[in-house]
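Chemist: My questions will all concern the structure given below.
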Amino acid sequence: MKRILLLLLTMPLCASVFSQIILQKPLSQRITGYDIDVVLSTEKHTVSGTVKAFWVNPSGLPVKEAMLHMYLNAFMSNKTNMATDGNWSSVGNDGYGWVRITKMTDGSGVDLTANMHYVQPDDTNRFDLTVMQVDLPEAVNPGDTLWLNMSFESKLPSPIRRTGFNKDYYFVGQWFPKFGVYETAGMRQQLTDGWNCHQFHPNSEFYSNHSVYNVTVTLPKEYITGSGGKLISEKDNGDSTKTIVWRAEDIVDFAWTAWPGYKVFTDKWRGTDITFLTSEARVEQVDRQIQSLKNALDYLDANVGPFPWPHVTFVDPPTVGSGAGGMEYTTIFTSASADQLPEEIRMAEMVTIHEFGHAYFMGILASNEFEEPWVDEGINSFWEQRIMDHYYGNGYGMISYPMIRASDAGLGRMQYIISGTRQVATNDLNSWSYPHGTYGMMSYQKTATWLFTLQGLIGEETMNNVFREYYKKWGFRHPSGRDFIDVVNYVVKRELGDKYGPDMNWYFDQVLYGSGICDYKVLDVSNKNISGFKGAIIEGDSVRYEKSDRKTDTLNLAGVRLERLGDITLPVDILIHFDNGDEVREQWDGKARFMDFRYTGSRKVEWAKIDPDNKITMDVNRINNSYRLERGFSAASRMMTKFISFIQLLISLITF
Amino acid sequence: MKILSVLKRGAVKSASSYKFLIVMWLIMLATVFLVAVPLKAAFKSAFGTSMLKDSLLGGFDLGVLGDIAPVLKPLMASMSSGILLLLLVNVLLYSFFAGGLFTRFTTEYGNFRVHEYLKSSARYFFPFLGIFFIVLGMTILWSFLSILLPIAIIKPQDTGMEALANTMKILAAVWFLGIPVLLLVADHARRWMTTTGTRRVSTAIGAGFQSTFRSFLMSYFAVLIVLIISVALSYLTLKYVSNSLPEKGIYIFLFFIAAQALAIMKLWAKAWRYATVTELAFHNM
């Protein structure tokens with residue numbers, strides 16, 4: 001309580017520094033804030049100036065040091081983690097990127113420059129200078145505010161890897177000294193208080209406090225710009241430069257872009273202003289791009305929670321800036337497309353929806369991407385796939401040619417099931433700990449696949465309620481994966497009772513904390529005629545035994561045998577179809593290795609199908625999920641006919 | 001008007017050779033079946049008793065690829081070499097049958113029986129194959145000069161993808177406009193060979209060039225028109241075959257018939273070009 005009071009007292013003080021307010025009331029605790037004033041040099045490719053930053057100690061203990069992300073240093077040599085693990089290499093000497101603080105003082109003007117030193121909390125790579133520790137002469141007491149006034153210079157890297165420059169194109173991300181997150185005991189199941197400030201890894205870069213940003217940038221006036229902030233003012237300086245002021249509230253990172261070739265389009269979704277920056281070559285994609293963003297806004301607003309900011313900017317980087325594509329900075333994000341991309345291939349829509357989705361899963365629900373990438377990328381991929389297939393067609397949301405089609409969820413699942421390394425690790429590792437290049441498949445696609453399976457088990461509406469509750473409880477805070485699971489357990493119990501046991505931990509133990517696979521098979525379907533009736537006939541109180549003299553009578557013994565090939569056990573449905581049109585739906589808890597279903601009577605079983613509604617997306621082999629006694633091969637005949645025609649066409653083209 | 005008249009006569013002459021075209025089509029189709037039938041069998045075997053194949057009737061679902069990949073992988077490896085072999089065999093067959101067709105078009109109307117057709121096909125097989133490879137080499141050289149070289153000179157990494165796409169469109173148009181010249185050389189060379197009975201490839205190519213440029217514009221536009229119609233037929237075939245999704249036996253059979261009708265029309269379009277070139281030479285145009 002004391003801590004909250006201190007925070008409340010501090011907030012007006014911090015807010016007074018930033019005069020203009022976008023939102024009626026703060027969405028987060030705003031324990032950090034940045035007032036940045038810089039100049040972009042398009043000759044030296046640098047951004048230099050000052051940053052005045054504050055951090056409020058949220059803990060009950062005095063803190064003697066501050067930790068800062070210095071992420072542009074990931075590009076300063078060929079020995080950083082980005083260079084060695086991420087295969088980034090500079091274009092000549094001009095391509096290296098770095099950030100350096102030339103002077104640092106605290107709020108009282110005490111010079112802290114000599115107190116700065118780099119640390120490597122994740123490994124022993126002394127060439128990786130992406131985290132800075134500042135030893136404070138005086139500890140910051142609980143609830144007190146630490147002010148840091150810094151002069152800094154950032155040299156942007158080339159080629160662009162999310163951030164950087166190429167010719168006259170700039171995408172400026174992870175570009176200023178930024179506080180790590182000070183976690184208190186209990187937060188994200190931490191046992192003790194301490195800074196959580198990881199090095200910049202090739203596959204993860206987000207874990208920050210929701211902050212307030214006032215950013216002033218001076219740059220050549222022919223540059224067209226966009227940012228994660230709301231445009232406050234733009235002034236022509238009369239010397240071929242202009243100065244732009246942006247403000248952003250309650251976002252976890254601030255990025256901006258500048259390029260003379262941008263074409264700017266604006267639109268509106270409810271109370272939110274949409275700004276879209278693209279290139280001349282892709283102007284014909286503007287409608288589909290903006291519509292895809294509106295689809296994502298509608299869907300996430302309805303099924304997760306409201307989008308709280310009155311502005312969002314997104315960018316389709318041109319070919320020259322393609323390295324900046326597919327990134328998320330909450331109120332600014334980048335899509336990725338190609339010139340003349342056919343409408344049947346919805347890559348641009350997919351990337352737009354995915355990167356916007358991060359405004360929720362990382363932006364609002366600010367999980368730790370370094371330590372639990374599945375909570376960020378995996379959950380976001382699940383929603384991206386749901387949105388794509390909802391708006392663009394279930395079964396063909398991603399590609400919709402008559403001959404070839406693909407759903408976004410189907411393609412995601414495919415990446416998981418075809419991976420030869422799908423069992424080498426569990427799904428709960430740090431982003432840099434996944435072995436054998438499994439990070440992407442595990443964090444994005446395996447997670448999305450098991451979330452779809454979870455949705456198949458508990459139902460879509462309960463799944464939506466899980467996320468509504470997750471948003472309500474953890475919005476503008478820092479949830480962990482365990483916190484998400486607790487929400488699942490709470491909502492499933494509330495809505496489905498004990499249908500799946502006292503909690504759903506058994507599920508997460510297998511799919512998240514385990515490395516097994518799920519594979520169910522229809523082993524056999526059979527019909528056996530038993531002619532000549534024999535047996536006991538019960539008539540009232542008496543039992544008489546029938547001899548086998550009624551040769552014409554036949555009894556069919558139909559059988560369906562199932563097998564569990566994988567380690568994961570899930571309850572599954574089985575649909576059994578008989579020759580008289582009857583269909584029986586059975587349920588199996590999926591635990592035993594084998595399961596038999598038997599039916600006696602005159603009807604014969606024609607086919608059996610495990611998981612007829614395709615709920616168990618985790619099943620790695622759907623070929624063996626069904627069994628039909630009569631083989632129909634229309635698909636094979638059609639495929640052969642098409643093959644013949646294409647070959648004939650090819651022959652016709654190469655002969656003359 | 002002269003062009004239309006030549007095209008018309010060429011069309012009639014090629015249509016009257018329908019028996020030979022059908023023989024060509026049947027034999028070439030049979031070779032394709034040699035690869036297609038095992039493919040179908042392998043497809044059946046891969047899916048076995050599974051009902052998953054039903055999901056392919058609505059178009060090939062790439063999502064299913066993950067499930068069938070383990071069984072398709074070895075199949076595809078053998079298929080790719082099978083297809084290459086098939087293309088090579090059909091190049092040989094085409095060179096063979098072209099000999100018969102050119103003989104037919106350079107011979108006076110009258111009884112030209114199938115055995116005569118096959119006999120003249122055999123007579124000109126090797127020289128025609130030689131002409132095929134020489135003109136193929138010229139086509140590759142033309143592709144290099146008209147597309148690859150300009151792209152290498154303009155350096156796409158400097159101009160960006162947008163400019164490259166626009167340049168590619170222009171280069172592709174230039175490339176296409178050059179193709180009738182190469183076809184005219186090949187056709188005139190083959191026509192000259194069957195008219196004179198000579199089988200010397202280099203002399204025939206020289207004669208092909210000479211005839212091509214004798215009344216160039218007339219020949220060029222006549223062949224260009226046939227080529228455009230032929231490309232339109234290819235496009236129609238591609239769209240039809242790609243977009244059709246027949247689901248039941250009879251509809252699949254009808255789909256096969258329609259696709260083969262288009263294949264025969266494509267063959268006829270080629271014969272039309274041969275007959276048109278023959279007519280041009282016959283009337284010294």
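Naming works like this for the structure tokens: A, B, ... for the chains as they're shown, residue 1 at the start of each chain, ligands 1 onward in shown order.
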Find the residues in chain B near chain A: any atom within 7 Å counts, using only C-alpha atoms. Write them as an mmCIF file with C-alpha atoms, in the first residue's frame.
Modeler:
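This is the output file part_6.cif:
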```
data_model
loop_
_atom_site.group_PDB
_atom_site.id
_atom_site.type_symbol
_atom_site.label_atom_id
_atom_site.label_comp_id
_atom_site.auth_asym_id
_atom_site.auth_seq_id
_atom_site.Cartn_x
_atom_site.Cartn_y
_atom_site.Cartn_z
ATOM 1 C CA VAL B 32 3.018 -39.445 -70.661
ATOM 2 C CA ALA B 36 1.368 -40.751 -64.884
ATOM 3 C CA LYS B 40 -1.363 -42.474 -59.536
ATOM 4 C CA PHE B 43 -0.554 -41.721 -54.691
ATOM 5 C CA LYS B 44 -3.063 -44.468 -53.927
ATOM 6 C CA PHE B 47 -2.951 -42.686 -48.819
ATOM 7 C CA THR B 49 -7.228 -46.587 -46.573
ATOM 8 C CA SER B 50 -7.056 -42.995 -45.338
ATOM 9 C CA MET B 51 -9.886 -40.593 -46.051
ATOM 10 C CA LEU B 52 -7.511 -37.632 -45.991
ATOM 11 C CA LYS B 53 -7.315 -37.717 -49.781
ATOM 12 C CA ASP B 54 -10.944 -36.552 -49.899
ATOM 13 C CA LEU B 56 -7.687 -32.790 -51.752
ATOM 14 C CA LEU B 57 -10.805 -32.766 -53.932
ATOM 15 C CA GLY B 59 -7.892 -28.239 -54.469
ATOM 16 C CA PHE B 60 -4.538 -29.206 -53.034
ATOM 17 C CA ASP B 61 -4.369 -28.092 -49.417
ATOM 18 C CA LEU B 62 -0.774 -27.203 -48.641
ATOM 19 C CA GLY B 63 -1.530 -27.829 -44.981
ATOM 20 C CA GLY B 66 2.929 -31.937 -43.809
ATOM 21 C CA ASP B 67 0.966 -35.133 -43.256
ATOM 22 C CA LEU B 87 10.560 -34.497 -71.803
ATOM 23 C CA ASN B 90 8.972 -36.227 -76.380
ATOM 24 C CA VAL B 91 11.554 -33.906 -77.902
ATOM 25 C CA TYR B 94 8.363 -34.346 -81.905
ATOM 26 C CA GLY B 160 15.516 -1.886 -56.620
ATOM 27 C CA MET B 161 12.810 -4.469 -57.265
ATOM 28 C CA GLU B 162 10.214 -2.003 -58.528
ATOM 29 C CA SER B 234 -1.618 -22.455 -73.725
ATOM 30 C CA VAL B 241 -6.652 -27.284 -65.951
ATOM 31 C CA SER B 242 -5.687 -25.267 -62.861
ATOM 32 C CA ASN B 243 -9.158 -24.068 -61.994
ATOM 33 C CA GLU B 247 -15.049 -34.466 -57.949
ATOM 34 C CA LYS B 248 -16.786 -37.515 -59.388
ATOM 35 C CA GLY B 249 -15.773 -40.174 -61.887
ATOM 36 C CA ILE B 252 -13.205 -36.306 -64.098
ATOM 37 C CA PHE B 256 -9.838 -35.365 -69.193
ATOM 38 C CA ALA B 259 -8.081 -31.171 -71.564
ATOM 39 C CA ALA B 263 -3.887 -30.557 -76.254
#
```
Chemist: Might you pull out every residue within 9 Å of region 36-53 of chain A, with only C-alpha atoms counted and same-chain residues fewer than 5 positions away left off, and present them as a count of residues only?
Modeler: 34
Chemist: I'd like the interatomic distance between CA of Met265 (chain B) and CA of Ile170 (chain B), to a tenth of an Å.
Modeler: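 The value is 29.5 Å.
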Chemist: Rounded to one decimal in Å, what is the spacing between CA of Arg494 (chain A) and CA of Lys472 (chain A)?
Modeler: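 Here the two named atoms are 15.8 Å from each other.
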Chemist: Select, from A:Val304, A:Leu555, A:Val560, A:Met618, the residue with the minimum atom-to-atom distance to Thr462 (chain A), counting only C-alpha atoms.
Modeler: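 Answer, going by the shortest atom-to-atom distance: A:Val304.
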Chemist: Show which residues sit within 12 Å of Arg123 (chain B), as a PDB file with C-alpha atoms, in the first residue's frame. Count only C-alpha atoms, and ignore same-chain residues fewer than 2 positions away.
Modeler:
```
ATOM      1  CA  SER B  95      11.382 -34.085 -84.160  1.00  0.00           C
ATOM      2  CA  PHE B  96      10.336 -37.394 -85.665  1.00  0.00           C
ATOM      3  CA  PHE B  97       6.735 -36.425 -86.375  1.00  0.00           C
ATOM      4  CA  ALA B  98       7.620 -32.950 -87.642  1.00  0.00           C
ATOM      5  CA  GLY B  99       9.411 -34.608 -90.575  1.00  0.00           C
ATOM      6  CA  GLY B 100       6.184 -36.267 -91.657  1.00  0.00           C
ATOM      7  CA  PHE B 102       6.529 -30.952 -93.325  1.00  0.00           C
ATOM      8  CA  THR B 103       6.639 -33.610 -96.033  1.00  0.00           C
ATOM      9  CA  GLU B 116       4.141 -42.578 -95.947  1.00  0.00           C
ATOM     10  CA  TYR B 117       3.867 -40.100 -93.149  1.00  0.00           C
ATOM     11  CA  LEU B 118       5.855 -42.366 -90.824  1.00  0.00           C
ATOM     12  CA  LYS B 119       8.377 -43.130 -93.566  1.00  0.00           C
ATOM     13  CA  SER B 120       9.123 -39.452 -94.192  1.00  0.00           C
ATOM     14  CA  SER B 121       9.194 -38.876 -90.431  1.00  0.00           C
ATOM     15  CA  PHE B 125      14.413 -37.551 -87.960  1.00  0.00           C
ATOM     16  CA  PHE B 126      18.130 -36.920 -87.425  1.00  0.00           C
ATOM     17  CA  PRO B 127      18.390 -33.747 -89.542  1.00  0.00           C
ATOM     18  CA  PHE B 128      15.306 -32.314 -87.848  1.00  0.00           C
ATOM     19  CA  LEU B 129      16.774 -33.163 -84.447  1.00  0.00           C
ATOM     20  CA  MET B 193      14.848 -29.842 -96.436  1.00  0.00           C
ATOM     21  CA  THR B 194      11.625 -31.689 -97.294  1.00  0.00           C
ATOM     22  CA  GLY B 197      15.150 -33.747-100.207  1.00  0.00           C
ATOM     23  CA  THR B 198      18.533 -32.599 -98.910  1.00  0.00           C
ATOM     24  CA  ARG B 199      19.484 -33.624 -95.406  1.00  0.00           C
TER      25      ARG B 199
END
```
Chemist: Could you list, as an NGL selection string, every residue within 8 Å of Ile387 (chain A), counting only C-alpha atoms and ignoring same-chain residues fewer than 6 positions away?
Modeler: :A and (295-296 or 299 or 353)
Chemist: Store the residues picked out above, limited to N, CA and C atoms, as a PDB file, in the first residue's frame.
Modeler:
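Heads up, here's the output in result.pdb:
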```
ATOM      1  N   ASN A 295      -9.503  -5.600 -39.720  1.00  0.00           N
ATOM      2  CA  ASN A 295      -9.977  -6.938 -39.345  1.00  0.00           C
ATOM      3  C   ASN A 295      -9.367  -7.364 -38.007  1.00  0.00           C
ATOM      4  N   ALA A 296      -8.069  -7.139 -37.879  1.00  0.00           N
ATOM      5  CA  ALA A 296      -7.386  -7.521 -36.631  1.00  0.00           C
ATOM      6  C   ALA A 296      -7.923  -6.705 -35.462  1.00  0.00           C
ATOM      7  N   TYR A 299     -11.393  -8.030 -34.524  1.00  0.00           N
ATOM      8  CA  TYR A 299     -11.393  -9.378 -33.963  1.00  0.00           C
ATOM      9  C   TYR A 299     -10.804  -9.396 -32.551  1.00  0.00           C
ATOM     10  N   ILE A 353      -1.358  -8.487 -39.768  1.00  0.00           N
ATOM     11  CA  ILE A 353      -2.165  -8.964 -38.635  1.00  0.00           C
ATOM     12  C   ILE A 353      -1.257  -9.480 -37.511  1.00  0.00           C
TER      13      ILE A 353
END
```
Chemist: Using DSSP on the backbone, list every residue of region 66-102 of chain A that comes out as alpha helix (DSSP H), and give them as number ranges by chain.
Modeler: A: 81-84
Chemist: How would the residues just picked look written out with all heavy atoms as an mmCIF file, in the first residue's frame?
Modeler:
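Final output, part_32.cif:
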```
data_model
loop_
_atom_site.group_PDB
_atom_site.id
_atom_site.type_symbol
_atom_site.label_atom_id
_atom_site.label_comp_id
_atom_site.auth_asym_id
_atom_site.auth_seq_id
_atom_site.Cartn_x
_atom_site.Cartn_y
_atom_site.Cartn_z
ATOM 1 N N ASN A 81 26.525 -11.147 -29.997
ATOM 2 C CA ASN A 81 25.598 -12.269 -30.152
ATOM 3 C C ASN A 81 24.796 -12.145 -31.445
ATOM 4 O O ASN A 81 24.472 -13.152 -32.086
ATOM 5 C CB ASN A 81 24.640 -12.333 -28.958
ATOM 6 C CG ASN A 81 25.349 -12.798 -27.707
ATOM 7 O OD1 ASN A 81 26.461 -13.324 -27.772
ATOM 8 N ND2 ASN A 81 24.735 -12.592 -26.556
ATOM 9 N N MET A 82 24.462 -10.911 -31.823
ATOM 10 C CA MET A 82 23.711 -10.711 -33.060
ATOM 11 C C MET A 82 24.537 -11.159 -34.264
ATOM 12 O O MET A 82 23.999 -11.729 -35.216
ATOM 13 C CB MET A 82 23.334 -9.229 -33.194
ATOM 14 C CG MET A 82 22.667 -8.862 -34.496
ATOM 15 S SD MET A 82 21.175 -9.798 -34.826
ATOM 16 C CE MET A 82 19.964 -8.782 -34.032
ATOM 17 N N ALA A 83 25.834 -10.906 -34.219
ATOM 18 C CA ALA A 83 26.698 -11.272 -35.344
ATOM 19 C C ALA A 83 26.968 -12.779 -35.367
ATOM 20 O O ALA A 83 26.901 -13.406 -36.424
ATOM 21 C CB ALA A 83 28.012 -10.510 -35.261
ATOM 22 N N THR A 84 27.228 -13.353 -34.198
ATOM 23 C CA THR A 84 27.608 -14.770 -34.185
ATOM 24 C C THR A 84 26.389 -15.691 -34.266
ATOM 25 O O THR A 84 26.356 -16.625 -35.056
ATOM 26 C CB THR A 84 28.415 -15.111 -32.921
ATOM 27 O OG1 THR A 84 27.653 -14.706 -31.782
ATOM 28 C CG2 THR A 84 29.746 -14.387 -32.909
#
```
Chemist: What lies within 7 Å of region 13-30 of chain B using only C-alpha atoms, ignoring chain neighbours under 3 positions off, as a list of chain:residue names?
Modeler: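 Residues near the query, excluding close chain neighbours: B:Arg9, B:Gly10, B:Phe33, B:Leu34, B:Asn90, B:Phe97, B:Val114, B:Ile264, B:Leu267, B:Trp268, B:Ala271, B:Trp272, B:Ala275.
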Chemist: Out of A:Gly186, A:Gly357, A:Pro435, A:Gly228, which residue has the shortest atom-to-atom distance to Ser480 (chain A) when counting only C-alpha atoms?
Modeler: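 Closest to Ser480 (chain A) of all the choices is A:Gly186.
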Chemist: Could you state the separation of CA of Val315 (chain A) and CA of Phe276 (chain A) in Å, given to one decimal place?
Modeler: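 CA of Val315 (chain A) sits 5.7 Å away from CA of Phe276 (chain A).
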Chemist: Pick out the residues sitting within 7 Å of Arg273 (chain B), and hand them over as a PyMOL selection string; count only C-alpha atoms, and ignore anything fewer than 4 positions along from it in its own chain.
Modeler: chain B and resi 223+226+269+277
Chemist: Could you go through region 211-364 of chain A and tell me which residues DSSP, when run on the backbone, assigns to strand (DSSP E), listing them as a ChimeraX atom specification?
Modeler: /A:211-220,224-227,230-236,241-251,256-259,263-269,272-278,311-315,327-328,332-334
